[in-house]
Structure formats: C-alpha cells, structure tokens
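Below: target.txt (compact mmCIF, C-alpha atoms)
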# COMPACT_ATOMS: atom_id res chain seq x y z
CA MET A 4 -0.62 -13.86 29.71
CA ASN A 5 1.61 -16.66 28.49
CA THR A 6 5.07 -16.09 29.97
CA ARG A 7 6.65 -18.34 27.34
CA THR A 8 5.88 -15.78 24.65
CA SER A 9 6.71 -12.60 26.54
CA ASP A 10 10.02 -11.74 24.90
CA PRO A 11 9.56 -9.17 22.10
CA LEU A 12 10.60 -11.47 19.25
CA SER A 13 8.23 -14.26 20.38
CA VAL A 14 5.41 -11.73 20.70
CA THR A 15 6.08 -10.52 17.13
CA PHE A 16 6.16 -14.03 15.65
CA ALA A 17 3.03 -15.05 17.62
CA ALA A 18 1.19 -11.98 16.30
CA LEU A 19 2.17 -12.92 12.72
CA ALA A 20 1.05 -16.56 13.24
CA ASP A 21 -2.55 -15.86 12.26
CA PRO A 22 -3.92 -15.34 8.73
CA THR A 23 -6.51 -12.73 9.84
CA ARG A 24 -3.90 -10.65 11.63
CA ARG A 25 -1.61 -10.83 8.58
CA ALA A 26 -4.56 -9.75 6.39
CA ILE A 27 -5.19 -6.80 8.72
CA LEU A 28 -1.50 -5.81 8.38
CA ASP A 29 -1.89 -6.18 4.57
CA ARG A 30 -4.68 -3.63 4.69
CA LEU A 31 -2.89 -1.27 7.08
CA ALA A 32 0.39 -1.32 5.13
CA GLY A 33 -1.63 0.49 2.44
CA GLY A 34 -2.95 3.16 4.82
CA GLU A 35 -4.55 3.87 8.21
CA ALA A 36 -8.00 2.47 8.99
CA THR A 37 -10.47 2.49 11.87
CA VAL A 38 -11.85 -0.68 13.50
CA ASN A 39 -15.10 -0.22 11.59
CA GLU A 40 -13.29 0.15 8.28
CA LEU A 41 -11.37 -3.04 9.04
CA SER A 42 -14.35 -5.14 10.17
CA ASP A 43 -16.35 -4.55 6.94
CA PRO A 44 -14.10 -6.27 4.36
CA PHE A 45 -13.19 -9.06 6.79
CA ASP A 46 -16.85 -9.81 7.49
CA MET A 47 -16.01 -9.95 11.20
CA SER A 48 -17.56 -8.33 14.24
CA VAL A 49 -15.94 -5.19 15.59
CA GLN A 50 -15.22 -7.20 18.77
CA ALA A 51 -13.34 -9.92 16.89
CA VAL A 52 -11.29 -7.35 14.96
CA SER A 53 -10.57 -5.45 18.20
CA LYS A 54 -9.16 -8.60 19.74
CA HIS A 55 -6.75 -9.08 16.83
CA LEU A 56 -5.81 -5.39 16.96
CA LYS A 57 -4.88 -5.74 20.63
CA VAL A 58 -2.49 -8.58 19.79
CA LEU A 59 -0.95 -6.53 16.96
CA GLU A 60 -0.68 -3.45 19.20
CA ARG A 61 0.98 -5.44 21.99
CA ALA A 62 3.54 -6.66 19.43
CA GLY A 63 4.14 -3.06 18.32
CA LEU A 64 3.08 -3.96 14.76
CA ILE A 65 0.39 -1.27 14.83
CA SER A 66 -0.15 1.92 16.77
CA ARG A 67 -3.50 3.57 17.36
CA GLY A 68 -4.61 7.20 17.31
CA ARG A 69 -5.84 8.90 20.48
CA ASP A 70 -9.21 9.96 19.10
CA ALA A 71 -11.47 8.02 21.51
CA GLN A 72 -14.16 7.44 18.93
CA PHE A 73 -12.15 6.34 15.90
CA ARG A 74 -8.61 5.49 17.05
CA PRO A 75 -7.27 4.86 13.53
CA CYS A 76 -4.80 1.97 13.27
CA ARG A 77 -1.42 2.50 11.71
CA PHE A 78 1.06 -0.10 10.47
CA GLU A 79 4.45 -0.04 12.25
CA ALA A 80 7.35 -1.79 10.53
CA GLU A 81 9.98 -1.78 13.28
CA PRO A 82 9.24 -5.18 14.90
CA LEU A 83 9.41 -6.69 11.40
CA ASP A 84 13.01 -5.45 11.09
CA THR A 85 13.97 -7.40 14.23
CA ALA A 86 12.15 -10.50 12.96
CA VAL A 87 13.92 -10.34 9.59
CA ASP A 88 17.27 -9.79 11.35
CA TRP A 89 16.80 -12.99 13.34
CA ILE A 90 15.80 -15.02 10.28
CA GLU A 91 18.57 -13.62 8.06
CA ARG A 92 21.24 -14.36 10.69
CA HIS A 93 20.19 -18.02 10.69
CA ARG A 94 20.01 -18.27 6.94
CA GLN A 95 23.56 -16.90 6.80
CA VAL A 96 24.92 -19.37 9.38
CA TRP A 97 23.18 -22.17 7.52
CA GLU A 98 24.43 -21.03 4.11
CA ALA A 99 28.00 -20.67 5.41
CA ARG A 100 27.75 -24.20 6.77
CA PHE A 101 26.38 -25.42 3.47
CA ASP A 102 29.28 -23.78 1.60
CA ARG A 103 31.80 -25.49 3.92
CA LEU A 104 30.04 -28.82 3.38
CA GLU A 105 30.15 -28.33 -0.38
CA ARG A 106 33.88 -27.53 -0.28
CA HIS A 107 34.45 -30.60 1.88
CA LEU A 108 32.53 -32.81 -0.59
CA SER A 109 34.44 -31.47 -3.56
CA ASP A 110 37.73 -32.09 -1.68
CA LEU A 111 36.56 -35.65 -1.00
CA ARG A 112 35.66 -36.10 -4.66
CA ARG A 113 39.11 -34.88 -5.71
CA SER A 114 41.00 -37.17 -3.31
CA ASP A 115 38.66 -40.01 -4.27
CA ARG A 116 39.64 -39.64 -7.92
CA ARG A 117 43.37 -40.17 -7.30
CA PRO A 118 43.41 -43.94 -6.56
CA HIS A 119 40.86 -44.50 -9.32
CA GLN A 120 42.68 -42.65 -12.09
CA PRO A 121 42.17 -44.47 -15.37
CA PRO A 122 45.14 -46.72 -16.21
CA THR A 123 47.50 -45.58 -18.98
CA ASN A 124 45.76 -45.94 -22.27
CA LYS A 125 46.09 -49.64 -23.07
CA GLU A 126 42.78 -50.41 -24.70
CA GLY A 127 41.41 -46.91 -25.44
CA PRO A 128 39.88 -46.14 -28.81
CA SER A 129 42.58 -44.68 -31.04
CA MET B 7 -4.83 -29.13 16.20
CA ASN B 8 -5.71 -25.46 15.97
CA THR B 9 -7.29 -24.87 12.56
CA ARG B 10 -6.56 -21.15 12.76
CA THR B 11 -2.86 -21.82 12.51
CA SER B 12 -2.88 -24.56 9.90
CA ASP B 13 -1.70 -22.55 6.88
CA PRO B 14 2.04 -23.04 6.31
CA LEU B 15 3.05 -19.45 7.04
CA SER B 16 1.11 -19.39 10.35
CA VAL B 17 2.69 -22.70 11.33
CA THR B 18 6.17 -21.28 10.61
CA PHE B 19 5.59 -18.09 12.61
CA ALA B 20 4.01 -20.05 15.50
CA ALA B 21 7.05 -22.36 15.58
CA LEU B 22 9.37 -19.33 15.76
CA ALA B 23 7.27 -17.73 18.54
CA ASP B 24 9.14 -19.54 21.32
CA PRO B 25 12.62 -18.71 22.67
CA THR B 26 13.53 -22.38 23.30
CA ARG B 27 12.61 -23.39 19.76
CA ARG B 28 14.63 -20.48 18.37
CA ALA B 29 17.59 -21.55 20.57
CA ILE B 30 17.26 -25.12 19.20
CA LEU B 31 17.36 -23.70 15.64
CA ASP B 32 20.43 -21.63 16.68
CA ARG B 33 22.17 -24.84 17.65
CA LEU B 34 21.04 -26.78 14.56
CA ALA B 35 22.02 -24.03 12.11
CA GLY B 36 25.59 -24.87 13.21
CA GLY B 37 25.23 -28.60 12.56
CA GLU B 38 23.07 -31.69 13.07
CA ALA B 39 22.36 -32.94 16.61
CA THR B 40 20.42 -35.74 18.27
CA VAL B 41 17.68 -35.16 20.87
CA ASN B 42 20.15 -36.14 23.63
CA GLU B 43 22.76 -33.69 22.35
CA LEU B 44 20.10 -30.98 22.34
CA SER B 45 18.65 -31.69 25.79
CA ASP B 46 22.03 -31.40 27.60
CA PRO B 47 22.89 -27.71 26.97
CA PHE B 48 19.25 -26.65 27.36
CA ASP B 49 18.98 -28.40 30.72
CA MET B 50 15.65 -29.83 29.60
CA SER B 51 14.23 -33.34 29.63
CA VAL B 52 14.40 -35.35 26.42
CA GLN B 53 10.57 -35.32 26.44
CA ALA B 54 10.39 -31.52 26.57
CA VAL B 55 12.94 -31.17 23.76
CA SER B 56 11.07 -33.82 21.71
CA LYS B 57 7.89 -31.78 22.00
CA HIS B 58 9.61 -28.68 20.62
CA LEU B 59 11.23 -30.75 17.85
CA LYS B 60 7.80 -31.98 16.77
CA VAL B 61 6.58 -28.39 16.38
CA LEU B 62 9.71 -27.48 14.39
CA GLU B 63 9.38 -30.61 12.24
CA ARG B 64 5.69 -29.90 11.52
CA ALA B 65 6.72 -26.41 10.38
CA GLY B 66 9.38 -27.95 8.10
CA LEU B 67 12.09 -25.99 9.95
CA ILE B 68 13.94 -29.20 10.77
CA SER B 69 14.07 -32.67 9.27
CA ARG B 70 15.07 -35.83 11.12
CA GLY B 71 17.20 -38.80 10.11
CA ARG B 72 15.70 -42.28 9.80
CA ASP B 73 18.04 -43.98 12.25
CA ALA B 74 15.44 -45.13 14.82
CA GLN B 75 17.81 -44.73 17.76
CA PHE B 76 19.39 -41.35 17.07
CA ARG B 77 17.29 -39.58 14.41
CA PRO B 78 19.66 -36.58 14.10
CA CYS B 79 17.90 -33.25 13.60
CA ARG B 80 18.84 -31.04 10.71
CA PHE B 81 18.06 -27.36 10.16
CA GLU B 82 15.94 -26.61 7.05
CA ALA B 83 15.94 -23.02 5.80
CA GLU B 84 13.14 -23.14 3.21
CA PRO B 85 10.18 -22.10 5.42
CA LEU B 86 12.29 -19.13 6.55
CA ASP B 87 12.49 -17.96 2.93
CA THR B 88 8.69 -17.82 2.74
CA ALA B 89 8.51 -16.00 6.09
CA VAL B 90 11.07 -13.40 4.97
CA ASP B 91 9.25 -12.99 1.64
CA TRP B 92 6.02 -12.12 3.45
CA ILE B 93 7.73 -9.64 5.78
CA GLU B 94 9.77 -8.00 3.02
CA ARG B 95 6.70 -7.52 0.84
CA HIS B 96 5.03 -5.59 3.66
CA ARG B 97 8.07 -3.52 4.45
CA GLN B 98 8.21 -2.55 0.76
CA VAL B 99 4.52 -1.56 0.59
CA TRP B 100 4.98 0.41 3.78
CA GLU B 101 8.17 2.09 2.59
CA ALA B 102 6.59 2.99 -0.78
CA ARG B 103 3.68 4.51 1.13
CA PHE B 104 6.08 6.37 3.38
CA ASP B 105 7.97 7.75 0.36
CA ARG B 106 4.70 8.95 -1.17
CA LEU B 107 3.75 10.58 2.14
CA GLU B 108 7.13 12.28 2.31
CA ARG B 109 6.78 13.61 -1.24
CA HIS B 110 3.29 14.82 -0.40
CA LEU B 111 4.56 16.61 2.72
CA SER B 112 7.40 18.28 0.86
CA ASP B 113 4.89 19.39 -1.83
CA LEU B 114 2.69 20.82 0.92
CA ARG B 115 5.69 22.59 2.44
CA ARG B 116 6.57 24.10 -0.93
CA SER B 117 3.04 25.33 -1.66
CA ASP B 118 2.75 26.48 1.96
CA ARG B 119 5.79 28.70 1.53
CA ARG B 120 4.27 30.69 -1.32
CA PRO B 121 1.50 32.62 0.51
CA HIS B 122 3.73 33.07 3.55
CA GLN B 123 6.81 34.46 1.80
CA PRO B 124 8.44 37.03 4.06
CA PRO B 125 7.30 40.53 3.24
CA THR B 126 9.84 42.76 1.53
CA ASN B 127 12.31 43.91 4.11
CA LYS B 128 10.45 46.73 5.90
CA GLU B 129 11.48 46.23 9.48
CA GLY B 130 14.42 43.83 9.16
CA PRO B 131 17.54 44.25 11.27
CA SER B 132 20.51 46.31 9.98

For the structure just supplied, provide its representation as structure tokens.
Amino acid sequence: MNTRTSDPLSVTFAALADPTRRAILDRLAGGEATVNELSDPFDMSVQAVSKHLKVLERAGLISRGRDAQFRPCRFEAEPLDTAVDWIERHRQVWEARFDRLERHLSDLRRSDRRPHQPPTNKEGPS
Amino acid sequence: MNTRTSDPLSVTFAALADPTRRAILDRLAGGEATVNELSDPFDMSVQAVSKHLKVLERAGLISRGRDAQFRPCRFEAEPLDTAVDWIERHRQVWEARFDRLERHLSDLRRSDRRPHQPPTNKEGPS
C-alpha cells in the first residue's frame, strides 16, 4: 500500500478521485445496494465493482453488511465531514487574506488620490 | 497521464490526496511564495517541490507568476468550490434519506405501540 496516502484525509481524497467511485457513492447515498445491484447499471464486472468498493470501504465512505452472500453496501458521510472541514478552513484563510488585500488596495487608492486632487476650479464648465 | 483521473473533479481530489501538497496549499493560502521559499520549511529538494507544484497547477489549485526566475505560486480557491459542491450535495441526499428513515422508524414505533399497549392494570404494583 502506498505510504504517501495512508493518512485518513489523503485516503478519503484518493477514494473520491475516481468518477466510478463517485458514481457508486451517488447510488449509495440514495439507499443500500449489493455488489450485484451496483454492477448492473455501471455495466462493470462484479470484480471491478468489488475493487472500487474496497477502496471506498478502506476510506470509511461505505460500510458493508455481515451477510456473507449479499453484504449490502451503505453510504457513510463522516469522512466527507472531515474533507469539507479541511477545504472550508482553507477557503476561509484565503478569503480573509483576500479581504485584507482589498482593504489595502482601497487604502492605496485613497492615498493615491490626495496628490492628484483636481486643482481648484479654474477652467471647469460653469 | 492516467485517463481515469482526467475529469476536473478527479484531478482536484487526486491533488488533495497528498499531505505534502495539502501542506503547500496551507502555506500558500497565507500568501504567495516561490519554489525556494516553499522548499526550505518542507526540507525538500526544489525538484520534489516542483513536482508537487505541477500537480497542484494542473488541478488549478495554484497559479504561477510569469517571472521566469521566481514564478511565485498563488493559491486558487475555485476548484475547492466545485469539490465542496460535490460533497455537500451528497451529504444533503444522505441527510434527507436519514430524515426519511427516522420518520419511518418513529411511525413504526407509533404503530408498534398500539397492539402492545399495556393491559389494564390487573397486577400492577400498589
């Protein structure tokens, strides 16, 4: 297993970095399904779907029932909370920085206006 | 390049699936930096950092200045918006489903109570 992606957040993002796995989560967010039920609409072999399910299970994005024959898959939202937390924190830092930059630019604009104030109205239109 | 991860959302999630790349974004969310400025605190070679920057740039998570010598890196939040949108949509579907399930269970509990109402107090205490 790749040690570079062994921290939980990396495992979550890596699991989401595949359109088929996201489509499987799409399906499961609407309700539990077995491997067979998942492989039909995706036109994939049970083996191929199983491989994706293992990645999703390892990331904690799905859990599976104990029934040896069917083992229905169930969507689990918790790792998504952690992923959103990370993203939101960075958007906030970035937005705060952007606000500071904007304030700084408007300060610059104000101080820039002073030396260039229009001269007292000598030739203005009445 | 891996065709399975060529859609924009997969590219974004794959870029985020690495602790070093997330640490680089941490740093850049606080302000622009050059490759040299980034490689110092991470105790990594300029080459290794450059490789990560390429992945982040391909995902649109950073942009780089044109100055050939320094090319400062700048955090870009837009791909994160799309990533959060995807996640939030699934949390909502899941939560709606959970609410429905909860209503269904409380309905079951109510209808379950009817046939099992305690018999009129024949052997109760006191």

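Closest approach to Pro11 in chain A from the set A:Ala51, A:Ala62, A:Ala26, A:Leu41 is made by A:Ala62, with distances taken over all atoms listed in the file.
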
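Residues of chain B having any atom within 6 Å of chain A, counting all atoms listed in the file, are Thr11, Ser16, Phe19, Ala20, Ala23, Asp24, Ala35 and Trp100 of chain B.
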
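Reported to one decimal place, the separation of CA of Leu111 in chain A from CA of Arg77 in chain B is 25.0 Å.
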
Cα-based least-squares overlay of chain B on chain A, as a short mmCIF file (atom, residue, chain, number, x, y, z; two decimals) with C-alpha atoms, in the coordinates of the input:
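Produced file out-v3.cif, reproduced below:
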data_model
loop_
_atom_site.label_atom_id
_atom_site.label_comp_id
_atom_site.auth_asym_id
_atom_site.auth_seq_id
_atom_site.Cartn_x
_atom_site.Cartn_y
_atom_site.Cartn_z
CA MET B 7 -0.83 -14.46 29.45
CA ASN B 8 1.45 -17.21 28.22
CA THR B 9 4.87 -16.65 29.79
CA ARG B 10 6.54 -18.80 27.14
CA THR B 11 5.75 -16.23 24.50
CA SER B 12 6.48 -13.07 26.45
CA ASP B 13 9.85 -12.15 24.91
CA PRO B 14 9.42 -9.50 22.20
CA LEU B 15 10.53 -11.69 19.30
CA SER B 16 8.14 -14.53 20.29
CA VAL B 17 5.31 -12.02 20.62
CA THR B 18 6.05 -10.69 17.11
CA PHE B 19 6.17 -14.14 15.51
CA ALA B 20 3.01 -15.24 17.38
CA ALA B 21 1.20 -12.13 16.11
CA LEU B 22 2.24 -12.95 12.53
CA ALA B 23 1.14 -16.60 12.91
CA ASP B 24 -2.45 -15.87 11.88
CA PRO B 25 -3.74 -15.24 8.33
CA THR B 26 -6.36 -12.68 9.46
CA ARG B 27 -3.78 -10.65 11.38
CA ARG B 28 -1.44 -10.73 8.38
CA ALA B 29 -4.35 -9.58 6.14
CA ILE B 30 -5.04 -6.70 8.59
CA LEU B 31 -1.34 -5.70 8.35
CA ASP B 32 -1.65 -5.94 4.52
CA ARG B 33 -4.45 -3.41 4.66
CA LEU B 34 -2.71 -1.12 7.17
CA ALA B 35 0.61 -1.10 5.30
CA GLY B 36 -1.37 0.81 2.63
CA GLY B 37 -2.73 3.39 5.06
CA GLU B 38 -4.41 3.98 8.42
CA ALA B 39 -7.89 2.54 9.07
CA THR B 40 -10.41 2.45 11.90
CA VAL B 41 -11.80 -0.79 13.39
CA ASN B 42 -15.04 -0.27 11.42
CA GLU B 43 -13.13 0.22 8.16
CA LEU B 44 -11.23 -2.99 8.88
CA SER B 45 -14.22 -5.13 9.87
CA ASP B 46 -16.16 -4.44 6.62
CA PRO B 47 -13.84 -6.06 4.02
CA PHE B 48 -12.98 -8.93 6.37
CA ASP B 49 -16.65 -9.71 6.96
CA MET B 50 -15.89 -9.98 10.67
CA SER B 51 -17.52 -8.47 13.73
CA VAL B 52 -15.94 -5.37 15.24
CA GLN B 53 -15.28 -7.47 18.37
CA ALA B 54 -13.35 -10.13 16.44
CA VAL B 55 -11.27 -7.49 14.63
CA SER B 56 -10.64 -5.69 17.96
CA LYS B 57 -9.26 -8.90 19.42
CA HIS B 58 -6.77 -9.27 16.56
CA LEU B 59 -5.84 -5.57 16.83
CA LYS B 60 -5.00 -6.05 20.50
CA VAL B 61 -2.57 -8.86 19.63
CA LEU B 62 -0.97 -6.71 16.90
CA GLU B 63 -0.78 -3.70 19.24
CA ARG B 64 0.83 -5.79 22.02
CA ALA B 65 3.44 -6.91 19.48
CA GLY B 66 4.07 -3.26 18.51
CA LEU B 67 3.09 -4.05 14.90
CA ILE B 68 0.40 -1.38 14.98
CA SER B 69 -0.21 1.75 17.01
CA ARG B 70 -3.59 3.38 17.58
CA GLY B 71 -4.68 7.01 17.61
CA ARG B 72 -6.00 8.64 20.79
CA ASP B 73 -9.34 9.73 19.36
CA ALA B 74 -11.64 7.72 21.68
CA GLN B 75 -14.28 7.19 19.01
CA PHE B 76 -12.20 6.20 15.99
CA ARG B 77 -8.69 5.30 17.22
CA PRO B 78 -7.26 4.79 13.70
CA CYS B 79 -4.78 1.92 13.43
CA ARG B 80 -1.37 2.51 11.96
CA PHE B 81 1.16 -0.03 10.70
CA GLU B 82 4.51 -0.03 12.57
CA ALA B 83 7.44 -1.72 10.84
CA GLU B 84 10.02 -1.79 13.66
CA PRO B 85 9.24 -5.24 15.15
CA LEU B 86 9.50 -6.64 11.61
CA ASP B 87 13.10 -5.38 11.43
CA THR B 88 13.99 -7.43 14.52
CA ALA B 89 12.19 -10.49 13.10
CA VAL B 90 14.05 -10.21 9.78
CA ASP B 91 17.35 -9.71 11.63
CA TRP B 92 16.87 -12.98 13.50
CA ILE B 93 15.94 -14.91 10.35
CA GLU B 94 18.75 -13.42 8.26
CA ARG B 95 21.35 -14.25 10.90
CA HIS B 96 20.31 -17.90 10.74
CA ARG B 97 20.22 -18.03 6.99
CA GLN B 98 23.77 -16.64 6.98
CA VAL B 99 25.08 -19.19 9.51
CA TRP B 100 23.38 -21.92 7.51
CA GLU B 101 24.71 -20.66 4.18
CA ALA B 102 28.26 -20.33 5.58
CA ARG B 103 27.97 -23.91 6.82
CA PHE B 104 26.67 -25.01 3.45
CA ASP B 105 29.58 -23.30 1.67
CA ARG B 106 32.05 -25.05 3.97
CA LEU B 107 30.32 -28.37 3.30
CA GLU B 108 30.49 -27.75 -0.43
CA ARG B 109 34.21 -26.93 -0.25
CA HIS B 110 34.75 -30.06 1.82
CA LEU B 111 32.88 -32.19 -0.73
CA SER B 112 34.82 -30.76 -3.66
CA ASP B 113 38.08 -31.43 -1.73
CA LEU B 114 36.92 -35.00 -1.17
CA ARG B 115 36.07 -35.34 -4.86
CA ARG B 116 39.52 -34.07 -5.82
CA SER B 117 41.39 -36.40 -3.45
CA ASP B 118 39.04 -39.22 -4.46
CA ARG B 119 40.04 -38.80 -8.09
CA ARG B 120 43.72 -39.43 -7.43
CA PRO B 121 43.70 -43.15 -6.51
CA HIS B 122 41.02 -43.85 -9.11
CA GLN B 123 42.67 -42.16 -12.10
CA PRO B 124 41.87 -44.16 -15.22
CA PRO B 125 44.59 -46.63 -16.04
CA THR B 126 46.75 -45.81 -19.04
CA ASN B 127 44.79 -46.59 -22.14
CA LYS B 128 45.11 -50.39 -22.45
CA GLU B 129 41.69 -51.39 -23.64
CA GLY B 130 40.18 -48.06 -24.70
CA PRO B 131 38.10 -47.76 -27.86
CA SER B 132 39.75 -46.82 -31.20
#

How far is it from CA of Glu35 in chain A to CA of Cys76 in chain A, in Å with one decimal? 5.4 Å

Using all atoms listed in the file, determine which residues lie at most 7 Å from Val52 in chain B, disregarding the query and same-chain residues fewer than 6 positions distant; provide the list as a list of chain:residue names.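 Contacts, in chain order: B:Val41, B:Asn42, B:Ser45.
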
Between CA of Glu40 in chain A and CA of Val58 in chain A, what distance in Å does the model show, to one decimal?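 Interatomic distance, CA of Glu40 in chain A to CA of Val58 in chain A: 18.0 Å.
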